[in-house]
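Heads up, entry-v9.cif below (mmCIF, C-alpha atoms):
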```cif
data_data
#
loop_
_atom_site.label_atom_id
_atom_site.label_comp_id
_atom_site.auth_asym_id
_atom_site.auth_seq_id
_atom_site.Cartn_x
_atom_site.Cartn_y
_atom_site.Cartn_z
CA LEU A 200 132.98 106.61 65.55
CA LYS A 201 134.66 104.21 67.93
CA LEU A 202 131.51 102.07 68.10
CA ASP A 203 130.91 102.10 64.35
CA SER A 204 134.06 100.03 63.75
CA ALA A 205 133.87 97.87 66.87
CA LYS A 206 132.81 94.22 66.92
CA VAL A 207 129.89 93.45 69.19
CA THR A 208 129.77 90.22 71.17
CA VAL A 209 127.74 88.76 74.03
CA LYS A 210 129.82 89.10 77.20
CA GLU A 211 127.45 87.88 79.94
CA ILE A 212 123.99 86.32 80.17
CA GLU A 213 121.91 85.72 83.28
CA SER A 214 118.57 83.93 83.25
CA LYS A 215 116.29 84.02 86.27
CA ASP A 216 112.84 82.49 86.67
CA GLY A 217 110.21 84.57 88.45
CA MET A 218 106.53 84.63 89.23
CA LYS A 219 103.92 87.25 90.03
CA ASN A 220 100.83 86.53 92.09
CA PRO A 221 97.43 88.00 91.19
CA PRO A 222 96.79 91.50 92.61
CA LEU A 223 94.81 91.32 95.84
CA PRO A 224 91.09 92.18 95.95
CA HIS A 225 90.27 95.83 96.47
CA SER A 226 90.19 97.77 99.70
CA LEU A 227 88.56 101.19 99.46
CA ASP A 228 91.98 102.84 99.00
CA THR A 229 93.11 100.65 96.12
CA LEU A 230 89.69 100.87 94.47
CA GLN A 231 89.76 104.68 94.63
CA VAL A 232 93.29 104.79 93.19
CA GLU A 233 92.47 102.46 90.28
CA ALA A 234 89.13 104.14 89.52
CA ASN A 235 90.84 107.54 89.42
CA LYS A 236 93.58 106.23 87.14
CA ARG A 237 91.32 104.33 84.73
CA CYS A 238 88.11 106.34 84.82
CA GLY A 239 89.06 109.74 86.24
CA TYR A 240 86.64 109.42 89.18
CA SER A 241 87.43 111.37 92.34
CA PRO A 242 87.88 109.41 95.60
CA LYS A 243 84.60 110.85 96.88
CA GLU A 244 82.73 109.76 93.74
CA VAL A 245 84.11 106.24 94.17
CA LEU A 246 83.08 106.04 97.84
CA ASP A 247 79.60 107.37 97.08
CA THR A 248 79.20 104.88 94.22
CA VAL A 249 80.46 101.81 96.06
CA GLN A 250 78.25 102.80 99.01
CA LYS A 251 75.23 102.63 96.69
CA LEU A 252 76.37 99.23 95.41
CA TYR A 253 76.67 98.07 99.02
CA GLU A 254 73.21 99.36 99.91
CA ALA A 255 71.86 97.43 96.90
CA LYS A 256 73.57 94.31 98.36
CA LEU A 257 75.80 93.95 95.28
CA VAL A 258 79.16 94.24 97.05
CA SER A 259 80.50 93.83 100.57
CA TYR A 260 81.17 96.62 103.09
CA PRO A 261 82.91 99.52 101.27
CA ARG A 262 84.82 101.40 103.99
CA SER A 263 87.43 98.70 104.38
CA ASP A 264 91.21 99.02 104.57
CA CYS A 265 91.69 95.27 104.11
CA ASN A 266 92.68 93.43 100.90
CA TYR A 267 92.07 89.89 102.17
CA ILE A 268 89.10 87.51 102.32
CA PRO A 269 88.21 84.99 105.08
CA LEU A 270 88.95 81.42 104.03
CA SER A 271 85.40 80.46 105.01
CA GLN A 272 84.06 82.62 102.15
CA LYS A 273 86.00 80.77 99.43
CA GLU A 274 83.08 78.38 98.86
CA ASP A 275 80.94 81.41 97.89
CA ALA A 276 82.92 81.50 94.63
CA GLU A 277 80.78 78.65 93.30
CA LYS A 278 77.83 81.06 93.37
CA ILE A 279 79.63 84.32 92.55
CA LEU A 280 81.75 83.26 89.55
CA PRO A 281 78.80 81.98 87.42
CA LEU A 282 77.07 85.30 88.08
CA LEU A 283 80.15 87.23 86.92
CA GLN A 284 80.29 84.98 83.86
CA GLN A 285 76.74 86.10 82.98
CA LEU A 286 77.97 89.70 83.19
CA ASP A 287 80.86 88.95 80.79
CA ILE A 288 83.53 89.80 83.36
CA ILE A 289 86.83 88.88 81.68
CA GLY A 290 88.22 85.61 83.03
CA ALA A 291 85.11 84.52 84.90
CA LYS A 292 84.45 81.68 82.45
CA ASN A 293 87.84 79.98 82.95
CA ALA A 294 88.26 80.73 86.66
CA ASP A 295 89.20 77.67 88.71
CA VAL A 296 87.46 77.45 92.09
CA ASN A 297 90.02 74.89 93.22
CA ILE A 298 92.74 77.57 93.31
CA THR A 299 93.25 79.31 96.63
CA SER A 300 95.13 82.60 96.18
CA LYS A 301 97.06 84.44 98.88
CA ALA A 302 94.02 86.70 99.31
CA PHE A 303 92.29 84.02 101.39
CA ASP A 304 94.05 84.55 104.71
CA ASP A 305 92.22 84.70 108.03
CA LYS A 306 95.28 86.08 109.84
CA LYS A 307 95.27 89.25 107.76
CA ILE A 308 91.59 90.14 108.16
CA THR A 309 91.02 93.40 110.06
CA ALA A 310 87.63 94.84 111.10
CA HIS A 311 86.29 94.13 107.59
CA HIS A 312 87.44 92.01 104.65
CA ALA A 313 88.17 93.16 101.11
CA ILE A 314 85.43 94.60 98.88
CA ILE A 315 84.07 91.73 96.77
CA PRO A 316 80.86 90.90 94.81
CA THR A 317 78.13 89.28 96.89
CA GLY A 318 76.51 87.08 94.27
CA VAL A 319 73.43 89.29 93.79
CA LEU A 320 72.81 90.02 90.09
CA PRO A 321 73.20 93.76 89.34
CA LYS A 322 70.33 95.46 87.53
CA ASP A 323 69.78 98.96 86.15
CA LEU A 324 73.24 100.26 87.05
CA ASP A 325 74.32 103.59 85.62
CA GLU A 326 77.65 103.89 83.78
CA GLN A 327 79.65 104.89 86.84
CA GLN A 328 78.20 102.08 88.94
CA GLN A 329 78.92 99.56 86.17
CA LYS A 330 82.57 100.59 85.95
CA ILE A 331 83.13 100.49 89.70
CA TYR A 332 81.41 97.11 89.96
CA TYR A 333 83.58 95.80 87.12
CA LEU A 334 86.78 96.85 88.89
CA ILE A 335 85.66 95.06 92.06
CA ALA A 336 84.57 91.94 90.18
CA ALA A 337 87.73 91.77 88.04
CA ARG A 338 89.95 91.76 91.13
CA TYR A 339 87.84 88.95 92.59
CA VAL A 340 88.05 86.81 89.45
CA VAL A 341 91.85 86.80 89.26
CA GLN A 342 92.01 85.14 92.70
CA PHE A 343 91.05 81.93 90.91
CA TYR A 344 93.92 81.95 88.45
CA PRO A 345 97.50 80.71 88.87
CA ALA A 346 100.48 83.01 89.19
CA HIS A 347 102.03 84.64 86.12
CA GLU A 348 105.36 82.87 85.48
CA PHE A 349 108.23 84.30 83.44
CA THR A 350 111.95 84.16 82.83
CA LYS A 351 113.90 87.39 82.97
CA ILE A 352 117.07 87.52 80.92
CA THR A 353 119.71 90.19 81.50
CA PHE A 354 122.75 90.45 79.24
CA LYS A 355 125.89 92.49 78.65
CA LEU A 356 127.27 93.27 75.20
CA ALA A 357 130.89 94.25 74.60
CA ALA A 358 131.50 96.79 71.83
CA GLY A 359 135.20 97.58 71.77
CA ASP A 360 136.03 98.71 75.30
CA GLU A 361 132.43 99.74 76.04
CA ILE A 362 129.85 97.59 77.86
CA PHE A 363 126.13 97.78 77.17
CA THR A 364 123.41 96.11 79.23
CA GLY A 365 119.89 95.06 78.35
CA SER A 366 117.11 92.76 79.44
CA GLY A 367 113.99 91.03 78.26
CA THR A 368 111.27 88.79 79.67
CA THR A 369 109.91 85.53 78.30
CA VAL A 370 106.50 84.38 79.54
CA ARG A 371 106.43 80.75 80.67
CA LYS A 372 102.86 80.68 81.96
CA ASN A 373 100.39 83.50 81.42
CA GLY A 374 98.34 82.72 84.52
CA PHE A 375 96.09 85.52 85.76
CA MET A 376 97.44 87.92 83.10
CA GLU A 377 95.04 86.42 80.58
CA CYS A 378 92.29 88.28 82.45
CA PHE A 379 93.77 91.65 81.44
CA HIS A 380 93.24 93.57 78.23
CA GLU A 381 96.40 94.06 76.17
CA ALA A 382 96.42 97.77 77.06
CA GLU A 383 96.55 96.83 80.76
CA LYS A 384 99.64 94.64 80.40
CA ASN A 385 103.16 95.92 80.80
CA THR A 386 104.40 95.35 77.27
CA GLU A 387 107.92 96.48 78.23
CA GLU A 388 108.32 93.24 80.15
CA ASN A 389 107.53 91.14 77.09
CA ILE A 390 110.33 92.15 74.72
CA THR A 391 111.17 89.10 72.61
CA LEU A 392 114.84 88.20 72.66
CA PRO A 393 116.72 85.96 70.22
CA ALA A 394 118.63 82.96 71.58
CA LEU A 395 121.88 84.27 73.08
CA SER A 396 125.10 82.56 74.14
CA VAL A 397 128.27 84.05 75.60
CA GLY A 398 130.69 84.89 72.81
CA ASP A 399 128.02 85.14 70.10
CA PRO A 400 128.65 87.96 67.64
CA ILE A 401 125.85 90.50 67.35
CA GLU A 402 124.95 92.10 64.07
CA LYS A 403 125.88 95.75 64.26
CA ALA A 404 123.09 98.24 64.55
CA GLY A 405 122.91 102.01 64.48
CA TYR A 406 124.12 103.95 67.53
CA ALA A 407 122.84 107.24 68.81
CA ILE A 408 123.79 109.42 71.76
CA ILE A 409 120.73 111.11 73.18
CA ASP A 410 120.86 114.14 75.46
CA LYS A 411 118.27 114.02 78.21
CA THR A 412 117.47 116.03 81.30
CA THR A 413 116.00 114.90 84.59
CA THR A 414 112.40 115.87 85.24
CA PRO A 415 110.77 116.73 88.57
CA PRO A 416 108.41 114.19 90.16
CA LYS A 417 104.93 114.21 88.66
CA ARG A 418 102.28 116.25 90.42
CA PHE A 419 99.75 114.33 92.45
CA THR A 420 96.35 113.41 91.06
CA GLU A 421 93.50 112.67 93.45
CA GLY A 422 94.29 108.97 93.04
CA THR A 423 98.04 109.18 93.59
CA LEU A 424 97.57 111.59 96.50
CA LEU A 425 95.21 109.13 98.14
CA ALA A 426 97.76 106.34 97.61
CA ALA A 427 100.46 108.57 99.12
CA MET A 428 98.29 109.23 102.18
CA ALA A 429 97.74 105.50 102.67
CA ASN A 430 101.47 104.80 102.19
CA ILE A 431 102.97 107.90 103.82
CA TRP A 432 105.78 105.74 105.22
CA ARG A 433 107.38 105.77 101.77
CA PHE A 434 108.06 109.49 102.20
CA VAL A 435 109.93 109.01 105.48
CA ASP A 436 113.69 108.38 105.73
CA PRO A 437 114.38 104.60 106.03
CA ALA A 438 116.57 105.31 109.06
CA ASN A 439 113.65 106.93 110.89
CA LYS A 440 112.08 104.62 113.51
CA ASN A 441 108.65 106.10 112.77
CA ARG A 442 108.69 104.69 109.23
CA GLU A 443 107.62 101.19 110.27
CA LYS A 444 104.90 102.52 112.59
CA LEU A 445 103.43 104.58 109.75
CA LYS A 446 103.52 101.48 107.55
CA GLU A 447 101.73 99.53 110.25
CA VAL A 448 98.93 102.09 110.77
CA LYS A 449 98.46 102.61 107.02
CA GLY A 450 99.24 106.29 106.90
CA ILE A 451 97.25 109.48 107.23
CA GLY A 452 93.49 109.27 107.74
CA THR A 453 91.30 106.21 107.19
CA PRO A 454 89.58 104.76 104.11
CA ALA A 455 86.42 106.56 105.20
CA THR A 456 88.06 109.99 105.65
CA ARG A 457 90.81 110.35 103.02
CA ASP A 458 88.42 111.20 100.18
CA THR A 459 86.77 113.85 102.39
CA ILE A 460 90.14 115.39 103.25
CA ILE A 461 91.09 115.62 99.56
CA SER A 462 87.74 117.08 98.50
CA GLU A 463 87.63 119.62 101.35
CA LEU A 464 91.04 120.96 100.38
CA GLN A 465 89.50 121.84 96.99
CA VAL A 466 86.24 123.46 98.10
CA SER A 467 85.61 127.03 96.96
CA LYS A 468 82.33 127.51 98.85
CA ILE A 469 81.33 126.75 102.43
CA LYS A 470 77.68 127.27 103.41
CA GLY A 471 77.17 129.37 100.31
CA LYS A 472 80.13 131.65 100.98
CA ASP A 473 83.17 131.89 98.73
CA VAL A 474 86.42 130.60 100.22
CA ILE A 475 89.91 130.19 98.79
CA PRO A 476 90.75 126.50 98.18
CA CYS A 477 94.09 125.06 99.30
CA MET A 478 94.56 123.21 96.02
CA GLN A 479 92.85 122.83 92.67
CA LYS A 480 93.08 120.79 89.49
CA ALA A 481 95.20 122.05 86.62
CA LYS A 482 92.95 123.29 83.83
CA GLY A 483 91.74 120.35 81.78
CA LYS A 484 93.94 117.89 83.67
CA LYS A 485 93.88 115.54 86.65
CA GLU A 486 96.96 117.03 88.33
CA LEU A 487 96.46 118.87 91.61
CA ILE A 488 98.21 122.22 92.09
CA PRO A 489 98.53 123.99 95.47
CA THR A 490 97.09 127.48 95.51
CA GLU A 491 99.00 130.48 96.82
CA PHE A 492 96.76 130.39 99.88
CA GLY A 493 97.47 126.67 100.44
CA ILE A 494 101.21 127.25 100.28
CA GLN A 495 100.92 130.22 102.63
CA LEU A 496 98.91 128.12 105.08
CA ILE A 497 101.53 125.35 105.26
CA GLU A 498 104.36 127.85 105.61
CA ASN A 499 102.72 129.59 108.57
CA ILE A 500 101.40 126.86 110.84
CA ASP A 501 103.36 124.91 113.42
CA PRO A 502 105.52 122.27 111.62
CA SER A 503 104.17 119.54 113.93
CA LEU A 504 100.80 119.83 112.17
CA THR A 505 102.33 119.05 108.77
CA SER A 506 104.65 116.20 109.75
CA PRO A 507 103.58 112.55 109.32
CA GLU A 508 105.77 111.79 112.32
CA THR A 509 103.15 113.40 114.55
CA THR A 510 100.77 110.62 113.51
CA ALA A 511 103.45 108.00 114.21
CA ASP A 512 104.23 109.44 117.66
CA MET A 513 100.55 109.31 118.61
CA GLU A 514 100.21 105.75 117.34
CA TYR A 515 103.24 104.70 119.39
CA ALA A 516 101.63 106.21 122.47
CA LEU A 517 98.30 104.46 121.80
CA SER A 518 100.12 101.13 121.33
CA GLU A 519 101.88 101.61 124.66
CA ILE A 520 98.53 102.35 126.33
CA ALA A 521 97.05 99.15 124.85
CA GLU A 522 100.06 97.19 126.17
CA GLY A 523 99.78 98.78 129.61
CA LYS A 524 103.14 100.56 129.26
CA LYS A 525 101.66 104.08 129.27
CA ASN A 526 98.98 105.73 131.35
CA LEU A 527 95.94 107.08 129.48
CA SER A 528 95.74 110.26 131.56
CA ALA A 529 99.45 110.93 130.90
CA TYR A 530 98.79 110.63 127.17
CA ILE A 531 95.84 113.03 127.39
CA ASP A 532 98.11 115.49 129.23
CA ASP A 533 100.62 115.16 126.35
CA VAL A 534 97.90 115.93 123.79
CA ILE A 535 96.73 118.96 125.79
CA ALA A 536 100.33 120.16 125.92
CA ILE A 537 100.57 119.85 122.11
CA VAL A 538 97.38 121.92 121.73
CA TYR A 539 98.73 124.64 124.05
CA GLN A 540 102.06 124.65 122.18
CA ASN A 541 100.22 125.26 118.92
CA ILE A 542 98.13 128.02 120.48
CA GLN A 543 101.30 129.66 121.80
CA PHE A 544 102.91 129.34 118.37
CA ALA A 545 99.91 131.03 116.74
CA GLU A 546 99.80 133.81 119.33
CA ASN A 547 103.50 134.61 118.96
CA LYS A 548 103.67 134.47 115.16
CA LYS A 549 102.82 137.35 112.90
CA PHE A 550 100.75 135.82 110.15
CA PRO A 551 100.59 137.39 106.70
CA LEU A 552 97.22 138.63 105.52
CA PRO A 553 95.29 135.87 103.69
CA VAL A 554 95.67 135.81 99.93
CA GLY A 555 93.22 138.12 98.20
CA LYS A 556 92.50 140.23 101.28
CA LYS A 557 93.00 144.00 101.23
CA VAL A 558 95.57 145.32 103.72
CA VAL A 559 94.20 148.16 105.84
CA GLN A 560 96.75 150.13 107.82
CA CYS A 561 95.82 151.05 111.37
CA PRO A 562 94.59 154.70 111.45
CA ILE A 563 95.74 155.06 115.07
CA CYS A 564 99.43 154.07 115.02
CA GLY A 565 100.09 153.85 111.29
CA VAL A 566 102.42 150.91 111.97
CA GLY A 567 100.28 147.80 112.26
CA ASP A 568 97.59 146.35 110.00
CA LEU A 569 93.98 145.80 110.98
CA ILE A 570 93.45 142.06 111.49
CA ARG A 571 90.01 140.42 111.41
CA LYS A 572 89.16 138.23 114.40
CA TYR A 573 86.08 136.52 115.83
CA SER A 574 84.68 136.89 119.33
CA VAL A 575 82.89 133.84 120.68
CA LYS A 576 81.59 135.87 123.60
CA VAL A 577 79.61 138.34 121.49
CA GLY A 578 79.29 136.08 118.44
CA LYS A 579 80.65 138.41 115.77
CA HIS A 580 83.76 139.45 113.85
CA PHE A 581 85.81 142.55 114.63
CA HIS A 582 89.14 144.10 113.62
CA MET A 583 92.10 145.11 115.76
CA CYS A 584 95.64 146.41 115.14
CA SER A 585 98.42 143.86 114.72
CA ASN A 586 100.75 146.19 116.63
CA GLU A 587 100.51 145.02 120.27
CA ALA A 588 101.60 148.44 121.55
CA CYS A 589 98.82 150.25 119.70
CA VAL A 590 96.13 151.78 121.96
CA SER A 591 93.63 154.62 121.68
CA PRO A 592 95.28 157.96 122.55
CA ILE A 593 92.04 158.99 124.29
CA THR A 594 91.22 155.93 126.43
CA GLY A 595 94.65 154.24 126.54
CA LYS A 596 92.92 150.95 125.67
CA LYS A 597 92.93 148.67 122.63
CA PHE A 598 90.59 149.95 119.94
CA PHE A 599 88.21 147.52 118.22
CA PHE A 600 86.76 148.25 114.77
CA GLU A 601 83.42 146.93 113.58
CA ASP A 602 83.28 144.49 110.67
CA ASP A 603 81.44 144.96 107.38
CA LYS A 604 81.65 141.94 105.04
CA GLY A 605 85.24 141.24 106.00
CA GLN A 606 86.45 144.85 106.01
CA PRO A 607 86.89 147.16 109.03
CA ILE A 608 84.53 150.12 109.51
CA ILE A 609 86.59 153.27 110.06
CA GLU A 610 84.41 156.28 110.93
CA LYS A 611 85.58 159.60 112.40
CA CYS A 612 83.76 162.29 114.33
CA PRO A 613 83.07 165.31 112.05
CA ALA A 614 83.67 167.69 114.99
CA CYS A 615 87.10 166.51 116.23
CA GLN A 616 88.19 163.76 113.77
CA ASN A 617 88.49 161.20 116.56
CA LEU A 618 87.56 157.56 115.79
CA LEU A 619 83.98 156.63 116.62
CA ASN A 620 82.87 153.57 118.59
CA ARG A 621 79.59 151.82 117.91
CA ILE A 622 77.75 151.24 121.20
CA GLN A 623 74.79 149.02 122.10
CA GLY A 624 72.57 151.26 124.27
CA LYS A 625 69.22 150.72 125.98
CA ASN A 626 67.43 152.16 122.98
CA GLY A 627 69.57 150.46 120.33
CA LEU A 628 72.86 151.07 118.54
CA PHE A 629 74.54 154.47 118.32
CA TRP A 630 78.02 155.90 117.61
CA LEU A 631 80.07 157.67 120.31
CA CYS A 632 83.09 159.95 120.13
CA SER A 633 85.16 159.28 123.26
CA LYS A 634 86.96 162.65 122.86
CA CYS A 635 84.13 165.18 122.52
CA ASN A 636 81.34 162.83 123.72
CA LYS A 637 79.14 163.57 120.70
CA THR A 638 76.78 160.79 119.64
CA TYR A 639 75.33 159.82 116.26
CA SER A 640 72.45 157.58 115.30
CA ASP A 641 73.17 154.25 113.60
CA LYS A 642 71.77 153.37 110.19
CA ALA A 643 72.83 150.27 108.25
CA ASN A 644 75.97 149.91 110.43
CA ARG A 645 77.06 153.50 109.73
CA PRO A 646 76.78 156.73 111.78
CA GLN A 647 74.22 159.29 110.64
CA PHE A 648 75.84 162.70 110.54
CA LYS A 649 72.74 164.62 109.36
#
```

Translate the structure of the given file into structure tokens.
Amino acid sequence: LKLDSAKVTVKEIESKDGMKNPPLPHSLDTLQVEANKRCGYSPKEVLDTVQKLYEAKLVSYPRSDCNYIPLSQKEDAEKILPLLQQLDIIGAKNADVNITSKAFDDKKITAHHAIIPTGVLPKDLDEQQQKIYYLIAARYVVQFYPAHEFTKITFKLAAGDEIFTGSGTTVRKNGFMECFHEAEKNTEENITLPALSVGDPIEKAGYAIIDKTTTPPKRFTEGTLLAAMANIWRFVDPANKNREKLKEVKGIGTPATRDTIISELQVSKIKGKDVIPCMQKAKGKKELIPTEFGIQLIENIDPSLTSPETTADMEYALSEIAEGKKNLSAYIDDVIAIVYQNIQFAENKKFPLPVGKKVVQCPICGVGDLIRKYSVKVGKHFHMCSNEACVSPITGKKFFFEDDKGQPIIEKCPACQNLLNRIQGKNGLFWLCSKCNKTYSDKANRPQFK
């Protein structure tokens, strides 16, 4: 009601010129992120596809973490751009080879340069290959366009004793943005504003008070998760010294391994056997959701294995070794110590039974649960009681149960009801009662009582 009767006038206006340079050519990370966002391709699909394009000599080396091109390769544009024009890549026709974008920078080249077209004409590409090639080519083309120039106007309107703010952007020079489809442009930045001057009255409009609630951050997709891995420093407190080191080393994993890490966390079969994935896609959507098993895994391993700071600490140590400030053998000793600490953590922690596994109570003590383990020495799985104090009342030693498809074999002697042990004898396997010394033949991993 107060606003309905209030006069509205322009209180403040600020105009500021700005410019935006073309996006850099693709590294593997940025290509995987964009391909996932635009086409729904997984990071692994993108790597596999760009690898095929590379093997066909259509693009440069794919496993690159660099977004820059050597200055010496700028002259190749005279051969590459006409080719891209033949392929109807947007912007190729009007690209200006005399423009040198910020992408051409020898000082920022790492082991490999950005992924760019080679100048070989693509033939017989399937749909996925065409789309990936287009994304690579489009990022190359915009390097030969000027910056996008605009003027951003912010203003304050006075309505009674209330102040309202707003903004709009006026394009002064389209530049590289003319290479983008309308759907790819940020239309919110191009709101047309009337000419405004301080003190101008504003025609009254309708007012509405809208109730809103905050929403949680969006779940990761494969693309945004990959981007988060490459830019893990953004998830670290700005006051933390490790933040800059993580920014320098470009996060968790490498361009060649991040897609594998993401895909392996989603596998449901390994060597033909069913396993529980750590995360999976929401039904019919791109979003990734952690499984109960994945959550349980993170909650029960040493925190050092889940912290990005562990990566930063190691990178600091490696930098000090390279600078001669740290001894290599001392660093190896530190790593060994970390491994032993994690082993000690695992040995001293009581882990919950994996999701989906049936809990079997120990028939000896009735307190602990039978836990499945693997013996490297004999090359097979077995089960033992989680209660460290539990021993056989007959032998006074730890009792080991045989394994049958993930479940313990619990067999008792018909004569005295004591637990049976399966023994490897000279003439083969048999079952022995350590109390009454009776033996039973073995058939299909079970004692024969008749």

Q.
Please expand the PyMOL selection byres ((chain A and resi 332-337) around 10) into the concrete residues it hits in this file, giving the result as a PyMOL selection string.
A. chain A and resi 224-226+230+233-234+237+248-249+252+257-258+279-280+283+286-291+313-317+321+324+326-331+338-342+378-379

Q. With distances taken over all atoms listed in the file, which of A:Phe303, A:Gly565, A:Thr453, A:Lys278 is nearest to Ala588 (chain A)?
A. A:Gly565

Q. Do you know which residues the PyMOL selection byres ((chain A and resi 628-630) around 10) returns on this file, as number ranges by chain?
A. A: 610-612, 618-627, 631-633, 636-642, 644-647

Q: Check what the PyMOL selection byres ((chain A and resi 502-505) around 12) selects in the file above and give those residues as a ChimeraX atom specification.
A: /A:451,494,496-501,506-513,537-538,540-542,544-545

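Minimum distance to Gly452 (chain A) across A:Asp533, A:Ile431, A:Lys236, A:Glu519 (counting all atoms listed in the file) occurs at A:Ile431.
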
Q) Which one is closest to Asp603 (chain A): A:Phe581, A:Glu486, A:Val448, A:Asp264? Count all atoms listed in the file. A) A:Phe581

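Nearest-residue note for Ile563 (chain A): choosing from A:Tyr530, A:Tyr240, A:Phe600, A:Phe492, the minimum distance belongs to A:Phe600, counting all atoms listed in the file.
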
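Note that the spacing between CA of Lys273 (chain A) and CA of Lys446 (chain A) amounts to 28.3 Å.
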
Take region 293-299 of chain A, model all heavy atoms, and hand the result over as a PDB file, keeping the file's coordinate frame.
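Everything below was put into result_3.pdb:
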```pdb
ATOM      1  N   ASN A 293      86.771  80.968  82.748  1.00  0.00           N
ATOM      2  CA  ASN A 293      87.840  79.980  82.950  1.00  0.00           C
ATOM      3  C   ASN A 293      88.403  79.988  84.366  1.00  0.00           C
ATOM      4  O   ASN A 293      89.429  79.348  84.615  1.00  0.00           O
ATOM      5  CB  ASN A 293      88.971  80.238  81.957  1.00  0.00           C
ATOM      6  CG  ASN A 293      88.517  80.053  80.521  1.00  0.00           C
ATOM      7  OD1 ASN A 293      87.724  79.157  80.220  1.00  0.00           O
ATOM      8  ND2 ASN A 293      88.993  80.905  79.625  1.00  0.00           N
ATOM      9  N   ALA A 294      87.779  80.696  85.276  1.00  0.00           N
ATOM     10  CA  ALA A 294      88.260  80.730  86.660  1.00  0.00           C
ATOM     11  C   ALA A 294      88.148  79.351  87.294  1.00  0.00           C
ATOM     12  O   ALA A 294      87.185  78.610  87.055  1.00  0.00           O
ATOM     13  CB  ALA A 294      87.447  81.746  87.458  1.00  0.00           C
ATOM     14  N   ASP A 295      89.142  78.998  88.098  1.00  0.00           N
ATOM     15  CA  ASP A 295      89.200  77.670  88.710  1.00  0.00           C
ATOM     16  C   ASP A 295      88.960  77.795  90.215  1.00  0.00           C
ATOM     17  O   ASP A 295      89.800  78.302  90.960  1.00  0.00           O
ATOM     18  CB  ASP A 295      90.584  77.061  88.447  1.00  0.00           C
ATOM     19  CG  ASP A 295      90.706  75.625  88.962  1.00  0.00           C
ATOM     20  OD1 ASP A 295      89.766  75.148  89.626  1.00  0.00           O
ATOM     21  OD2 ASP A 295      91.755  75.000  88.706  1.00  0.00           O
ATOM     22  N   VAL A 296      87.822  77.317  90.676  1.00  0.00           N
ATOM     23  CA  VAL A 296      87.460  77.450  92.090  1.00  0.00           C
ATOM     24  C   VAL A 296      88.348  76.621  93.002  1.00  0.00           C
ATOM     25  O   VAL A 296      88.328  76.793  94.234  1.00  0.00           O
ATOM     26  CB  VAL A 296      85.980  77.069  92.331  1.00  0.00           C
ATOM     27  CG1 VAL A 296      85.050  78.053  91.655  1.00  0.00           C
ATOM     28  CG2 VAL A 296      85.707  75.653  91.872  1.00  0.00           C
ATOM     29  N   ASN A 297      89.132  75.722  92.415  1.00  0.00           N
ATOM     30  CA  ASN A 297      90.020  74.890  93.220  1.00  0.00           C
ATOM     31  C   ASN A 297      91.312  75.621  93.607  1.00  0.00           C
ATOM     32  O   ASN A 297      92.088  75.125  94.418  1.00  0.00           O
ATOM     33  CB  ASN A 297      90.372  73.599  92.468  1.00  0.00           C
ATOM     34  CG  ASN A 297      89.141  72.724  92.257  1.00  0.00           C
ATOM     35  OD1 ASN A 297      88.385  72.484  93.196  1.00  0.00           O
ATOM     36  ND2 ASN A 297      88.929  72.269  91.034  1.00  0.00           N
ATOM     37  N   ILE A 298      91.547  76.786  92.992  1.00  0.00           N
ATOM     38  CA  ILE A 298      92.740  77.570  93.310  1.00  0.00           C
ATOM     39  C   ILE A 298      92.454  78.450  94.520  1.00  0.00           C
ATOM     40  O   ILE A 298      91.419  79.111  94.594  1.00  0.00           O
ATOM     41  CB  ILE A 298      93.155  78.426  92.095  1.00  0.00           C
ATOM     42  CG1 ILE A 298      93.659  77.534  90.952  1.00  0.00           C
ATOM     43  CG2 ILE A 298      94.226  79.451  92.490  1.00  0.00           C
ATOM     44  CD1 ILE A 298      93.991  78.299  89.690  1.00  0.00           C
ATOM     45  N   THR A 299      93.381  78.455  95.450  1.00  0.00           N
ATOM     46  CA  THR A 299      93.250  79.310  96.630  1.00  0.00           C
ATOM     47  C   THR A 299      94.396  80.323  96.603  1.00  0.00           C
ATOM     48  O   THR A 299      95.554  79.982  96.880  1.00  0.00           O
ATOM     49  CB  THR A 299      93.316  78.492  97.934  1.00  0.00           C
ATOM     50  OG1 THR A 299      92.294  77.490  97.916  1.00  0.00           O
ATOM     51  CG2 THR A 299      93.129  79.389  99.151  1.00  0.00           C
TER      52      THR A 299
END
```
